[in-house]
$ cat final-v8.cif   # mmCIF, C-alpha atoms
data_coords
loop_
_atom_site.label_atom_id
_atom_site.label_comp_id
_atom_site.auth_asym_id
_atom_site.auth_seq_id
_atom_site.Cartn_x
_atom_site.Cartn_y
_atom_site.Cartn_z
CA MET A 1 -87.32 -46.65 169.57
CA ALA A 2 -90.38 -46.81 171.80
CA THR A 3 -90.76 -49.88 173.96
CA VAL A 4 -93.83 -52.06 174.29
CA THR A 5 -95.73 -51.86 177.54
CA LYS A 6 -99.07 -53.33 178.55
CA THR A 7 -100.63 -49.97 177.57
CA THR A 8 -98.55 -49.03 174.52
CA ILE A 9 -101.64 -47.55 172.86
CA ASP A 10 -102.99 -45.00 175.32
CA ILE A 11 -105.77 -42.84 173.88
CA ASP A 12 -105.54 -40.47 176.86
CA ARG A 13 -101.84 -39.88 176.19
CA ILE A 14 -102.30 -39.50 172.41
CA LEU A 15 -105.05 -36.92 172.89
CA LYS A 16 -102.90 -34.98 175.32
CA GLU A 17 -99.95 -35.00 172.90
CA LYS A 18 -102.16 -33.83 170.04
CA MET A 19 -104.30 -31.30 171.92
CA GLY A 20 -102.20 -30.10 174.83
CA ALA A 21 -104.15 -28.17 177.48
CA LYS A 22 -107.31 -28.30 175.36
CA VAL A 23 -107.65 -32.01 176.13
CA LYS A 24 -109.49 -31.16 179.37
CA PHE A 25 -112.47 -30.04 177.30
CA VAL A 26 -112.92 -33.49 175.72
CA PRO A 27 -115.85 -35.25 177.45
CA ARG A 28 -114.93 -38.50 179.20
CA PHE A 29 -117.69 -40.41 177.41
CA LEU A 30 -116.06 -39.40 174.11
CA VAL A 31 -112.67 -40.66 175.28
CA SER A 32 -114.26 -43.98 176.31
CA TRP A 33 -115.91 -44.21 172.90
CA LEU A 34 -112.58 -43.57 171.15
CA LYS A 35 -110.94 -46.33 173.18
CA ARG A 36 -113.66 -48.74 172.10
CA ILE A 37 -113.52 -47.74 168.43
CA ALA A 38 -109.71 -48.01 168.47
CA HIS A 39 -109.94 -51.43 170.16
CA GLN A 40 -107.37 -50.17 172.66
CA ASP A 41 -107.42 -53.28 174.86
CA GLU A 42 -107.27 -55.80 171.98
CA VAL A 43 -104.47 -53.93 170.22
CA ASN A 44 -102.47 -53.61 173.43
CA ASN A 45 -102.86 -57.33 174.09
CA PHE A 46 -101.54 -58.10 170.60
CA LEU A 47 -98.61 -55.71 170.98
CA TRP A 48 -97.69 -57.16 174.37
CA GLU A 49 -97.92 -60.77 173.25
CA ASN A 50 -95.78 -60.03 170.16
CA ARG A 51 -93.36 -57.60 171.78
CA GLU A 52 -90.30 -59.63 170.74
CA PHE A 53 -91.05 -58.99 167.05
CA VAL A 54 -89.99 -55.94 165.08
CA GLY A 55 -90.02 -54.94 161.44
CA VAL A 56 -90.97 -57.63 158.93
CA GLU A 57 -91.42 -60.29 161.62
CA TRP A 58 -93.90 -57.98 163.36
CA LEU A 59 -95.82 -57.48 160.10
CA GLU A 60 -95.98 -61.24 159.60
CA ALA A 61 -97.28 -61.61 163.16
CA CYS A 62 -100.03 -59.13 162.25
CA VAL A 63 -100.97 -61.19 159.20
CA ARG A 64 -101.29 -64.27 161.41
CA TYR A 65 -103.22 -62.39 164.08
CA LEU A 66 -105.73 -61.06 161.54
CA ASP A 67 -105.91 -64.53 159.96
CA MET A 68 -105.33 -63.07 156.50
CA THR A 69 -105.03 -65.38 153.52
CA LEU A 70 -102.95 -63.73 150.78
CA GLU A 71 -103.24 -64.92 147.19
CA ILE A 72 -100.38 -63.40 145.21
CA GLU A 73 -100.32 -63.13 141.42
CA GLY A 74 -97.29 -61.85 139.54
CA LYS A 75 -94.75 -62.45 142.27
CA GLU A 76 -92.25 -63.10 139.48
CA ASN A 77 -92.56 -59.38 138.66
CA LEU A 78 -90.87 -58.43 141.94
CA PRO A 79 -87.36 -57.37 140.92
CA ASP A 80 -84.39 -59.44 142.03
CA PRO A 81 -83.27 -58.30 145.50
CA ASN A 82 -79.66 -58.53 144.34
CA ASP A 83 -79.90 -56.48 141.14
CA GLY A 84 -78.37 -53.43 142.85
CA LYS A 85 -81.34 -51.17 142.08
CA LEU A 86 -83.87 -49.41 144.27
CA TYR A 87 -87.59 -49.36 143.49
CA THR A 88 -90.78 -47.50 144.35
CA PHE A 89 -93.71 -49.83 145.04
CA VAL A 90 -97.12 -48.16 144.68
CA SER A 91 -100.52 -49.62 145.48
CA ASN A 92 -104.15 -48.71 145.75
CA HIS A 93 -105.32 -48.34 149.34
CA PRO A 94 -108.69 -50.08 149.74
CA LEU A 95 -108.61 -50.83 153.46
CA GLY A 96 -106.30 -48.47 155.31
CA GLY A 97 -104.83 -51.17 157.55
CA GLU A 98 -104.57 -54.75 156.35
CA ASP A 99 -103.35 -53.71 152.91
CA GLY A 100 -100.37 -51.87 154.37
CA VAL A 101 -99.56 -54.72 156.74
CA ALA A 102 -99.85 -57.42 154.07
CA LEU A 103 -97.86 -55.61 151.39
CA GLY A 104 -95.16 -54.72 153.92
CA ALA A 105 -94.91 -58.37 154.94
CA VAL A 106 -94.61 -59.56 151.32
CA ILE A 107 -92.17 -56.89 150.15
CA GLY A 108 -90.26 -56.89 153.41
CA ARG A 109 -89.69 -60.65 153.27
CA HIS A 110 -88.62 -60.51 149.59
CA TYR A 111 -86.13 -57.68 150.24
CA ASP A 112 -84.98 -58.71 153.72
CA GLY A 113 -86.54 -55.68 155.37
CA ARG A 114 -84.93 -53.14 153.01
CA PHE A 115 -88.01 -50.99 152.48
CA ARG A 116 -89.70 -48.03 154.14
CA TYR A 117 -93.27 -46.74 154.35
CA LEU A 118 -94.39 -43.14 154.16
CA VAL A 119 -97.10 -43.23 156.83
CA ASN A 120 -99.25 -41.14 159.13
CA ASP A 121 -97.26 -40.32 162.25
CA LEU A 122 -99.88 -41.96 164.49
CA LEU A 123 -98.50 -45.32 163.35
CA MET A 124 -95.23 -44.45 165.06
CA ASN A 125 -97.03 -45.43 168.28
CA LEU A 126 -96.59 -49.06 167.17
CA PRO A 127 -93.03 -49.99 168.24
CA GLY A 128 -92.86 -53.05 166.00
CA LEU A 129 -93.73 -50.98 162.95
CA ALA A 130 -91.88 -47.75 163.70
CA PRO A 131 -88.44 -48.84 162.37
CA LEU A 132 -89.99 -49.32 158.91
CA CYS A 133 -91.65 -45.90 158.81
CA ILE A 134 -90.91 -42.40 157.67
CA PRO A 135 -93.60 -40.51 159.62
CA ILE A 136 -95.82 -37.88 158.02
CA ASN A 137 -98.20 -35.56 159.82
CA LYS A 138 -99.37 -33.27 157.02
CA THR A 139 -101.96 -31.53 159.20
CA GLY A 140 -99.78 -30.78 162.20
CA SER A 141 -96.48 -29.17 163.10
CA GLN A 142 -94.53 -31.62 160.94
CA SER A 143 -96.29 -30.51 157.74
CA ARG A 144 -93.51 -28.09 156.81
CA ASN A 145 -91.06 -31.01 157.03
CA PHE A 146 -93.03 -33.25 154.65
CA PRO A 147 -90.74 -32.60 151.64
CA ALA A 148 -87.66 -33.31 153.76
CA MET A 149 -89.11 -36.61 154.97
CA VAL A 150 -89.91 -37.72 151.43
CA GLU A 151 -86.43 -36.66 150.34
CA ALA A 152 -84.85 -38.68 153.15
CA GLY A 153 -86.78 -41.78 152.10
CA PHE A 154 -85.77 -41.58 148.45
CA LYS A 155 -82.17 -40.72 149.28
CA SER A 156 -81.89 -43.81 151.47
CA ASP A 157 -80.76 -47.25 150.35
CA HIS A 158 -84.25 -48.65 150.97
CA HIS A 159 -87.07 -49.44 148.58
CA MET A 160 -90.13 -47.23 149.09
CA LEU A 161 -93.68 -48.54 149.60
CA MET A 162 -96.29 -45.85 148.98
CA PHE A 163 -100.05 -45.42 148.78
CA PRO A 164 -100.18 -42.36 146.52
CA ALA A 165 -103.84 -41.59 147.25
CA GLY A 166 -102.86 -40.65 150.80
CA LEU A 167 -106.27 -41.82 152.05
CA CYS A 168 -107.94 -45.19 151.84
CA SER A 169 -110.43 -45.70 149.01
CA ARG A 170 -113.80 -43.99 148.89
CA ARG A 171 -117.08 -45.09 147.32
CA HIS A 172 -118.49 -42.78 144.66
CA LYS A 173 -121.60 -43.65 142.66
CA GLY A 174 -121.31 -47.25 143.78
CA VAL A 175 -117.66 -47.62 142.72
CA ILE A 176 -114.97 -48.16 145.37
CA GLU A 177 -111.74 -46.58 144.21
CA ASP A 178 -108.84 -44.42 145.36
CA ILE A 179 -109.10 -40.66 145.10
CA PRO A 180 -106.68 -39.19 142.50
CA TRP A 181 -103.10 -40.19 143.19
CA LYS A 182 -100.57 -37.57 144.21
CA LYS A 183 -97.58 -37.00 141.96
CA THR A 184 -94.79 -37.35 144.55
CA PHE A 185 -93.92 -40.95 143.68
CA VAL A 186 -93.50 -40.01 140.01
CA SER A 187 -91.30 -36.94 140.48
CA LYS A 188 -89.11 -38.57 143.12
CA SER A 189 -88.78 -41.86 141.25
CA VAL A 190 -87.54 -39.91 138.22
CA GLU A 191 -85.19 -37.77 140.31
CA TYR A 192 -83.65 -40.82 141.98
CA GLN A 193 -83.96 -43.13 138.95
CA ARG A 194 -86.17 -45.72 140.63
CA ASP A 195 -88.39 -47.92 138.50
CA VAL A 196 -92.00 -48.09 139.75
CA VAL A 197 -93.67 -51.42 140.58
CA PRO A 198 -97.49 -51.23 140.42
CA ILE A 199 -99.55 -53.37 142.83
CA HIS A 200 -103.27 -53.94 143.20
CA PHE A 201 -104.75 -55.06 146.53
CA SER A 202 -108.32 -56.39 146.75
CA GLY A 203 -110.83 -55.79 149.52
CA GLN A 204 -113.28 -53.22 150.83
CA ASN A 205 -114.49 -51.68 154.06
CA SER A 206 -118.04 -51.64 155.42
CA ASP A 207 -120.99 -49.68 154.02
CA PHE A 208 -120.98 -47.68 157.26
CA PHE A 209 -117.38 -46.62 156.65
CA TYR A 210 -118.03 -45.36 153.13
CA ARG A 211 -121.09 -43.40 154.21
CA LEU A 212 -119.13 -41.85 157.07
CA ALA A 213 -116.13 -41.09 154.85
CA ASN A 214 -118.29 -39.32 152.27
CA PHE A 215 -119.97 -37.28 155.00
CA SER A 216 -116.64 -36.44 156.61
CA ASP A 217 -114.98 -35.43 153.33
CA LYS A 218 -117.86 -33.12 152.40
CA CYS A 219 -118.91 -31.67 155.74
CA LEU A 220 -116.06 -31.79 158.27
CA PRO A 221 -112.66 -30.07 158.46
CA PHE A 222 -110.95 -33.31 159.56
CA ASN A 223 -110.88 -36.97 158.54
CA LEU A 224 -113.38 -38.51 160.96
CA ALA A 225 -113.41 -41.79 159.03
CA MET A 226 -109.77 -42.40 159.93
CA LEU A 227 -110.78 -42.97 163.55
CA PHE A 228 -112.71 -46.06 162.45
CA LEU A 229 -109.93 -47.77 160.49
CA VAL A 230 -108.93 -50.06 163.37
CA ASP A 231 -112.57 -51.04 163.82
CA GLU A 232 -112.75 -51.77 160.08
CA MET A 233 -109.61 -53.89 160.39
CA TYR A 234 -111.29 -56.08 162.98
CA LYS A 235 -114.30 -56.45 160.68
CA ASN A 236 -111.98 -57.81 157.99
CA VAL A 237 -110.36 -60.65 159.97
CA HIS A 238 -110.37 -64.20 158.56
CA LYS A 239 -110.65 -62.94 154.98
CA THR A 240 -108.81 -63.72 151.74
CA PHE A 241 -107.16 -60.93 149.76
CA GLN A 242 -105.66 -60.90 146.28
CA ILE A 243 -102.38 -59.12 145.62
CA ARG A 244 -101.58 -58.58 141.94
CA ILE A 245 -98.08 -57.35 141.12
CA GLY A 246 -97.44 -55.76 137.73
CA LYS A 247 -94.24 -55.46 135.73
CA PRO A 248 -91.89 -52.65 136.79
CA ILE A 249 -92.37 -49.38 134.91
CA PRO A 250 -88.98 -47.88 133.94
CA TRP A 251 -88.48 -44.42 135.42
CA GLN A 252 -87.61 -43.13 131.94
CA THR A 253 -91.29 -43.70 131.01
CA PHE A 254 -92.25 -40.58 132.96
CA ASP A 255 -91.03 -38.08 130.38
CA LYS A 256 -92.19 -34.56 129.52
CA SER A 257 -95.04 -35.79 127.30
CA LYS A 258 -97.27 -35.75 130.40
CA SER A 259 -97.16 -33.83 133.66
CA PRO A 260 -96.24 -35.76 136.84
CA VAL A 261 -99.92 -35.53 137.90
CA GLU A 262 -101.00 -37.09 134.60
CA TRP A 263 -98.39 -39.83 134.89
CA ALA A 264 -99.58 -40.58 138.44
CA GLN A 265 -103.14 -41.11 137.18
CA MET A 266 -101.81 -43.29 134.36
CA VAL A 267 -100.11 -45.56 136.89
CA LYS A 268 -103.26 -45.58 139.02
CA ASN A 269 -105.30 -46.68 136.01
CA GLN A 270 -102.75 -49.39 135.26
CA VAL A 271 -103.00 -50.65 138.85
CA TYR A 272 -106.78 -51.01 138.53
CA LYS A 273 -106.33 -53.06 135.37
CA LEU A 274 -104.10 -55.63 137.07
#
$ encode --input "final-v8.cif" --output "C-alpha cells"
Amino acid sequence: MATVTKTTIDIDRILKEKMGAKVKFVPRFLVSWLKRIAHQDEVNNFLWENREFVGVEWLEACVRYLDMTLEIEGKENLPDPNDGKLYTFVSNHPLGGEDGVALGAVIGRHYDGRFRYLVNDLLMNLPGLAPLCIPINKTGSQSRNFPAMVEAGFKSDHHMLMFPAGLCSRRHKGVIEDIPWKKTFVSKSVEYQRDVVPIHFSGQNSDFFYRLANFSDKCLPFNLAMLFLVDEMYKNVHKTFQIRIGKPIPWQTFDKSKSPVEWAQMVKNQVYKL
C-alpha cells in the first residue's frame, strides 16, 4: 500500500503517469490551475495530519474534517452483520465525494470494515482509502480488466458499496438526478445471491458544476466536470446530509420478467422514493 508523504497528492506526478511523454506539452499555468482546483495543498495537509488512520477510521476522519452532520433514517434496515450473508449496497450519487465518504463510514462501521467500493482508480492515490477500493479505470489501459475487477469484488467475502450511475448526478430541466443506472449490480447480485440494500443520499453541487457537467457531457470527449469534484467537496463543508436506508430487496426479485437494465432502473426509482 502507498505511504503518506507531505506531498501524497502530486498533480505533476499524476499527469506524468497518465500522459507519459506528452505531459511536456501541458502548459505550466494549466498545471498550477489544476493544483488549485484539486486543493492539492489542503488535501495533502489533511492526509499528513491523519496519516495514522486507514480504512473506516480514515473515512470517519474525513467526515470530521468536512464537518458533515449525518441524519440517518432506516438504520434498522441495515442487515445484521452476523447473519452470514453478503449484500450489495447501492446509492444515488449526488455529490461525487462526500456521499461516498459518508456512506463508507456508516456501512464500514456497521460491518467492521467488511465492505469494498468500486471506484475510479484516481482514488487509489489516497492511502487511507485504497485498502477499501477495487479500482476501475474504464477509459484507460485497465478498461479490459473491468469485468475481472467486478468479479473479484463479488467473489470476495466483503459487502459491496456501489454507485450504479457511475457518474455523480446531473441537472436536467431543473431536476437533479442520477443518469440511468448500469445493470452490473443487478446481474452480479443475482449471480452471487446477494440481496440489494437501496440507499438515498441528499445534497447537491453548485450551479456552476451542473452547467459545466452538461457542457462537458455534450461537447467534450472527456469528463471535465470530474476535475472540479474536490472543489465542490470544499464548497459542501459544514453541511447536513440525510441518509435514508430502505429495506433489503431479495436477489430473487430480479427474475426474467424484466431485463437487468429494467430492474436497475426500478431500484433507482425506489431509491428516489425513500
$ residues_around --input "final-v8.cif" --residues "stretch 5-15 of chain A" --least-positions-apart "3" --cutoff "12 Å" --atoms "all atoms listed in the file" --output "MDAnalysis selection string"
chainID A and resid 2 18:28 30:52 121:128 227
$ closest_residue --input "final-v8.cif" --among "A:Gly246, A:Pro131, A:Pro260, A:Gly100" --to "A:Glu73" --atoms "all atoms listed in the file"
A:Gly246
$ atom_distance --input "final-v8.cif" --atom1 "atom CA of A:Gln204" --atom2 "atom CA of A:Met226"
14.6 Å
$ atom_distance --input "final-v8.cif" --atom1 "atom CA of A:Glu262" --atom2 "atom CA of A:Ala152"
24.6 Å
$ residues_around --input "final-v8.cif" --residues "stretch 54-66 of chain A" --least-positions-apart "3" --cutoff "7 Å" --atoms "all atoms listed in the file" --output "PyMOL selection string"
chain A and resi 101-102+104-105+108-109+113+128-129+131-132+237-238
$ atom_distance --input "final-v8.cif" --atom1 "atom CA of A:Cys133" --atom2 "atom CA of A:His159"
11.8 Å
$ decode --input "final-v8.cif" --residues "stretch 126-196 of chain A" --atoms "C-alpha atoms" --output "PDB file, in the first residue's frame"
ATOM      1  CA  LEU A 126      -5.390   8.181  -1.204  1.00  0.00           C
ATOM      2  CA  PRO A 127      -3.526   5.664   1.002  1.00  0.00           C
ATOM      3  CA  GLY A 128      -6.149   5.708   3.753  1.00  0.00           C
ATOM      4  CA  LEU A 129      -8.877   4.817   1.280  1.00  0.00           C
ATOM      5  CA  ALA A 130      -7.035   2.420  -1.022  1.00  0.00           C
ATOM      6  CA  PRO A 131      -7.492  -0.746   1.112  1.00  0.00           C
ATOM      7  CA  LEU A 132     -11.277  -0.384   0.750  1.00  0.00           C
ATOM      8  CA  CYS A 133     -11.224   0.003  -3.030  1.00  0.00           C
ATOM      9  CA  ILE A 134     -11.428  -2.123  -6.126  1.00  0.00           C
ATOM     10  CA  PRO A 135     -10.027   0.344  -8.685  1.00  0.00           C
ATOM     11  CA  ILE A 136     -11.684   0.960 -12.041  1.00  0.00           C
ATOM     12  CA  ASN A 137     -10.249   2.967 -14.916  1.00  0.00           C
ATOM     13  CA  LYS A 138     -12.792   2.357 -17.676  1.00  0.00           C
ATOM     14  CA  THR A 139     -11.176   4.852 -20.048  1.00  0.00           C
ATOM     15  CA  GLY A 140      -7.586   3.692 -19.750  1.00  0.00           C
ATOM     16  CA  SER A 141      -5.487   0.567 -20.015  1.00  0.00           C
ATOM     17  CA  GLN A 142      -7.408  -1.147 -17.208  1.00  0.00           C
ATOM     18  CA  SER A 143     -10.713  -0.996 -19.106  1.00  0.00           C
ATOM     19  CA  ARG A 144     -10.336  -4.529 -20.446  1.00  0.00           C
ATOM     20  CA  ASN A 145      -9.960  -5.735 -16.846  1.00  0.00           C
ATOM     21  CA  PHE A 146     -13.176  -4.082 -15.632  1.00  0.00           C
ATOM     22  CA  PRO A 147     -15.216  -7.333 -15.650  1.00  0.00           C
ATOM     23  CA  ALA A 148     -12.470  -9.144 -13.747  1.00  0.00           C
ATOM     24  CA  MET A 149     -12.362  -6.416 -11.086  1.00  0.00           C
ATOM     25  CA  VAL A 150     -16.129  -6.555 -10.604  1.00  0.00           C
ATOM     26  CA  GLU A 151     -15.944 -10.348 -10.446  1.00  0.00           C
ATOM     27  CA  ALA A 152     -13.222 -10.184  -7.790  1.00  0.00           C
ATOM     28  CA  GLY A 153     -15.343  -7.864  -5.663  1.00  0.00           C
ATOM     29  CA  PHE A 154     -18.443 -10.045  -5.768  1.00  0.00           C
ATOM     30  CA  LYS A 155     -16.452 -13.238  -5.232  1.00  0.00           C
ATOM     31  CA  SER A 156     -14.891 -11.786  -2.085  1.00  0.00           C
ATOM     32  CA  ASP A 157     -16.258 -12.106   1.432  1.00  0.00           C
ATOM     33  CA  HIS A 158     -16.947  -8.361   1.557  1.00  0.00           C
ATOM     34  CA  HIS A 159     -20.152  -6.413   1.119  1.00  0.00           C
ATOM     35  CA  MET A 160     -20.153  -4.203  -1.983  1.00  0.00           C
ATOM     36  CA  LEU A 161     -20.944  -0.468  -1.982  1.00  0.00           C
ATOM     37  CA  MET A 162     -21.785   0.810  -5.456  1.00  0.00           C
ATOM     38  CA  PHE A 163     -22.982   3.958  -7.198  1.00  0.00           C
ATOM     39  CA  PRO A 164     -24.578   2.364 -10.270  1.00  0.00           C
ATOM     40  CA  ALA A 165     -24.806   5.627 -12.224  1.00  0.00           C
ATOM     41  CA  GLY A 166     -21.012   5.657 -12.491  1.00  0.00           C
ATOM     42  CA  LEU A 167     -21.051   9.475 -12.510  1.00  0.00           C
ATOM     43  CA  CYS A 168     -22.353  11.935  -9.972  1.00  0.00           C
ATOM     44  CA  SER A 169     -25.828  13.356 -10.585  1.00  0.00           C
ATOM     45  CA  ARG A 170     -26.606  15.785 -13.383  1.00  0.00           C
ATOM     46  CA  ARG A 171     -29.233  18.509 -13.628  1.00  0.00           C
ATOM     47  CA  HIS A 172     -31.708  18.159 -16.483  1.00  0.00           C
ATOM     48  CA  LYS A 173     -34.656  20.521 -16.922  1.00  0.00           C
ATOM     49  CA  GLY A 174     -34.179  21.752 -13.380  1.00  0.00           C
ATOM     50  CA  VAL A 175     -34.190  18.271 -11.821  1.00  0.00           C
ATOM     51  CA  ILE A 176     -31.021  16.935 -10.169  1.00  0.00           C
ATOM     52  CA  GLU A 177     -30.883  13.179 -10.597  1.00  0.00           C
ATOM     53  CA  ASP A 178     -28.554  10.320 -11.496  1.00  0.00           C
ATOM     54  CA  ILE A 179     -28.182   9.295 -15.110  1.00  0.00           C
ATOM     55  CA  PRO A 180     -29.643   5.813 -15.821  1.00  0.00           C
ATOM     56  CA  TRP A 181     -28.147   3.172 -13.579  1.00  0.00           C
ATOM     57  CA  LYS A 182     -25.972   0.452 -15.051  1.00  0.00           C
ATOM     58  CA  LYS A 183     -27.107  -3.143 -14.692  1.00  0.00           C
ATOM     59  CA  THR A 184     -23.930  -4.640 -13.186  1.00  0.00           C
ATOM     60  CA  PHE A 185     -25.162  -4.594  -9.589  1.00  0.00           C
ATOM     61  CA  VAL A 186     -28.313  -6.494 -10.598  1.00  0.00           C
ATOM     62  CA  SER A 187     -26.668  -9.237 -12.645  1.00  0.00           C
ATOM     63  CA  LYS A 188     -23.855  -9.795 -10.150  1.00  0.00           C
ATOM     64  CA  SER A 189     -26.127  -9.705  -7.110  1.00  0.00           C
ATOM     65  CA  VAL A 190     -28.251 -12.428  -8.721  1.00  0.00           C
ATOM     66  CA  GLU A 191     -25.203 -14.473  -9.725  1.00  0.00           C
ATOM     67  CA  TYR A 192     -23.754 -14.340  -6.215  1.00  0.00           C
ATOM     68  CA  GLN A 193     -27.116 -14.367  -4.398  1.00  0.00           C
ATOM     69  CA  ARG A 194     -26.661 -11.038  -2.633  1.00  0.00           C
ATOM     70  CA  ASP A 195     -29.719  -9.090  -1.526  1.00  0.00           C
ATOM     71  CA  VAL A 196     -29.622  -5.411  -2.550  1.00  0.00           C
TER      72      VAL A 196
END
